[in-house]
There are 2 protein chains.
Amino acid sequence: MRPARNAGIMSVLIVGSTALDSIKTPRAENPRLLGGSASHAAVAASFFAPVRLVGIVGADFPARYLALYRRHKIDLEGLQIAEGKTFHWSGEYEVNMNNRRTLATELGVFETFLPRLPESYRNTPFVLLANIAPSLQSHVLDQMRRPKLVVADTMDLWLNIAMDDLLKLLKRVDGFVLNESEARQLAQEDNLVAAARKIHRLGPRHVIIKKGEHGAILSSGGKLFLSPAFPLRRVVDPTGAGDSFAGGMMGWLAAARGPVEAGLPLAMVYGSAVASFCCEGFGLAATTRASRAAIEKRVAAMRLLTRF
Amino acid sequence: MRPARNAGIMSVLIVGSTALDSIKTPRAENPRLLGGSASHAAVAASFFAPVRLVGIVGADFPARYLALYRRHKIDLEGLQIAEGKTFHWSGEYEVNMNNRRTLATELGVFETFLPRLPESYRNTPFVLLANIAPSLQSHVLDQMRRPKLVVADTMDLWLNIAMDDLLKLLKRVDGFVLNESEARQLAQEDNLVAAARKIHRLGPRHVIIKKGEHGAILSSGGKLFLSPAFPLRRVVDPTGAGDSFAGGMMGWLAAARGPVEAGLPLAMVYGSAVASFCCEGFGLAATTRASRAAIEKRVAAMRLLTRF
């Protein structure tokens, strides 16, 4: 859980939602778990590099969740604690764990959130704009000084209600992470290889399409990379798996030497390994029980699983 | 197109449907193409090993399709030419190329087909029971003398109307190839890793689950292997891709040295390579234009695409 610290490791700034998730599955009900894109991404990245969190929670935010962030050495100077209620999402998974239904969304303090970066955050070299309104992702970028790598994640909601903001953001990012159906929707193209090409034209040099249990595709520098997903015999709760993937990937890149281009494939595999832990428990339960050693073991296993 | 022949290469017997396919896509209409599971599998296998075909066609079967088989050095002693009409399937693909709708099925001479193996076929070491009624697949097995490897493919239809026959067959095969949704249906289990385990209990030591553009999973000897699919920017017609995968895999195994267990992963990648050509043209058009060298190129590309 303690990230190794040495001169070569850079920090990752992560902005996104910090929320309480109430998650129903066919087997269990779990009220007010720590959730949100930034929470999952930050914990995932913390296995590799120091993390700086930007987000907002309400006065009702449980102290035990602040303690959880701290156990992962996550810098909380950028986490606003505001009067009001923490963003609360409740949803339900169907038997097959692939179809998710939102039952309720209470924005709370998120409604008026405007990310303000502490001065100490503005030089952070690696920036992950985890899923949040693209206008807020842009607002964070406005406050950064020449980051080394900027990667944005998103969700279908923003394609439906904030496409203009998203298109503006895409012109400013190096990498863009989105899932299969979002890629098809954004590119208006069913074939994912063709969709990735079209998405490059919108700005990002690195396009990463997440396919859940089928892994992920990287399109970068005219080449493709097919990342495996770690095969799980049982998925308990996939909420946050995509955020964990992006966070683990960025954390690994921040700790790696050499050019980002060369490191991206292995970074994605590390992201997949962290995401697989995320799926094995509700909320962040299984992710926080993981260790760097356990992650390395899954990466090694994925090498064997894909060797021919 | 001419398979290399040397002492180490064994033959593959392939039984399945030999049909005329009329395929509609949003872009084109293609009447009476050479199709059927055995046709696709036999041509795919022919790139690697000598193939012996077992099937039936009617008197209306175009001579040019017999010539096509012969160009691929496919032994036709087991192909019955009967009074009546060749099995004719017509179907339609939707825009996304994933949803297929059957428009008409005219069984013709297939209705009374009973595979009779020529004496010269009965010692064939590699047997691919391509998609056809499981009772006919069993009937072929009854006529074989101690084959080295028996692999069966299937389709959802047999799970729905001939489950008892299929379960009897599964007790007698070494390997079983089926697609994602068939695996879920057969195992009554949504998670594919868990589904593969359950399918082992039905008989086959090697369970191969095809996931289309997402590749395939092998479960064998307590281990998994994740095979990539070759990423295509444009899919013209996926009909027969699964059959090509199984045929290419079996052809490669028949030509390989060493134990089947060790060869299966690479055999699947070769199968994927042949299947990718299949998708690039209607019917067998693109597969027959492929070459061993072109296949090797795609296998090499898949090594790079999955390297981390």
# chains A, B, ... in the order shown; residues from 1 in each chain; ligands from 1

call {"tool": "interface_residues", "arguments": {"of": "chain A", "to": "chain B", "cutoff": "7 Å", "atoms": "only C-alpha atoms", "output": "list in words"}}
result
Asn96, Asp190, Asn191, Val193, Ala194, His214, Leu224, Phe225, Leu226, Ser227, Pro231, Leu232, Arg233, Arg234, Pro265, Leu266, Leu305, Thr306 and Phe308 of chain A

call {"tool": "select_by_dssp", "arguments": {"residues": "stretch 164-249 of chain B", "states": "strand (DSSP E)", "output": "ChimeraX atom specification"}}
result
/B:175-179,206-210,216-220,223-227

call {"tool": "write_last_selection", "arguments": {"atoms": "C-alpha atoms", "output": "PDB file, in the first residue's frame"}}
result
ATOM      1  CA  GLY B 175     -11.941 -30.490 -27.570  1.00  0.00           C
ATOM      2  CA  PHE B 176     -15.099 -28.423 -27.843  1.00  0.00           C
ATOM      3  CA  VAL B 177     -15.392 -25.094 -29.618  1.00  0.00           C
ATOM      4  CA  LEU B 178     -18.398 -22.857 -29.008  1.00  0.00           C
ATOM      5  CA  ASN B 179     -19.167 -19.183 -28.882  1.00  0.00           C
ATOM      6  CA  HIS B 206     -10.022 -28.592 -24.076  1.00  0.00           C
ATOM      7  CA  VAL B 207     -12.760 -25.959 -24.039  1.00  0.00           C
ATOM      8  CA  ILE B 208     -12.454 -23.100 -26.506  1.00  0.00           C
ATOM      9  CA  ILE B 209     -14.852 -20.175 -26.250  1.00  0.00           C
ATOM     10  CA  LYS B 210     -14.995 -17.923 -29.309  1.00  0.00           C
ATOM     11  CA  ALA B 216     -11.065 -16.614 -27.896  1.00  0.00           C
ATOM     12  CA  ILE B 217     -10.403 -18.275 -24.546  1.00  0.00           C
ATOM     13  CA  LEU B 218      -8.850 -21.721 -24.163  1.00  0.00           C
ATOM     14  CA  SER B 219      -9.330 -23.644 -20.940  1.00  0.00           C
ATOM     15  CA  SER B 220      -7.134 -26.731 -20.809  1.00  0.00           C
ATOM     16  CA  LYS B 223      -4.867 -23.202 -17.353  1.00  0.00           C
ATOM     17  CA  LEU B 224      -6.341 -20.461 -19.506  1.00  0.00           C
ATOM     18  CA  PHE B 225      -5.025 -18.915 -22.703  1.00  0.00           C
ATOM     19  CA  LEU B 226      -6.391 -15.688 -24.165  1.00  0.00           C
ATOM     20  CA  SER B 227      -6.111 -15.648 -27.943  1.00  0.00           C
TER      21      SER B 227
END

call {"tool": "closest_residue", "arguments": {"among": "A:Ala38, A:Leu136, A:Val150, A:Leu117", "to": "A:Gly242", "atoms": "only C-alpha atoms"}}
result
A:Ala38

call {"tool": "closest_residue", "arguments": {"among": "B:Ile81, B:Leu129, B:Cys278, B:Leu20", "to": "B:Pro238", "atoms": "only C-alpha atoms"}}
result
B:Cys278

call {"tool": "calpha_fit_rmsd", "arguments": {"fixed": "chain B", "moving": "chain A"}}
result
0.0 Å

call {"tool": "closest_residue", "arguments": {"among": "B:Ala162, B:Ala133, B:Val151, B:Ile9", "to": "B:Asp174", "atoms": "only C-alpha atoms"}}
result
B:Val151

call {"tool": "residues_around", "arguments": {"residues": "B:Pro118", "least_positions_apart": "3", "cutoff": "9 Å", "atoms": "only C-alpha atoms", "output": "PyMOL selection string"}}
result
chain B and resi 77-78+121-122
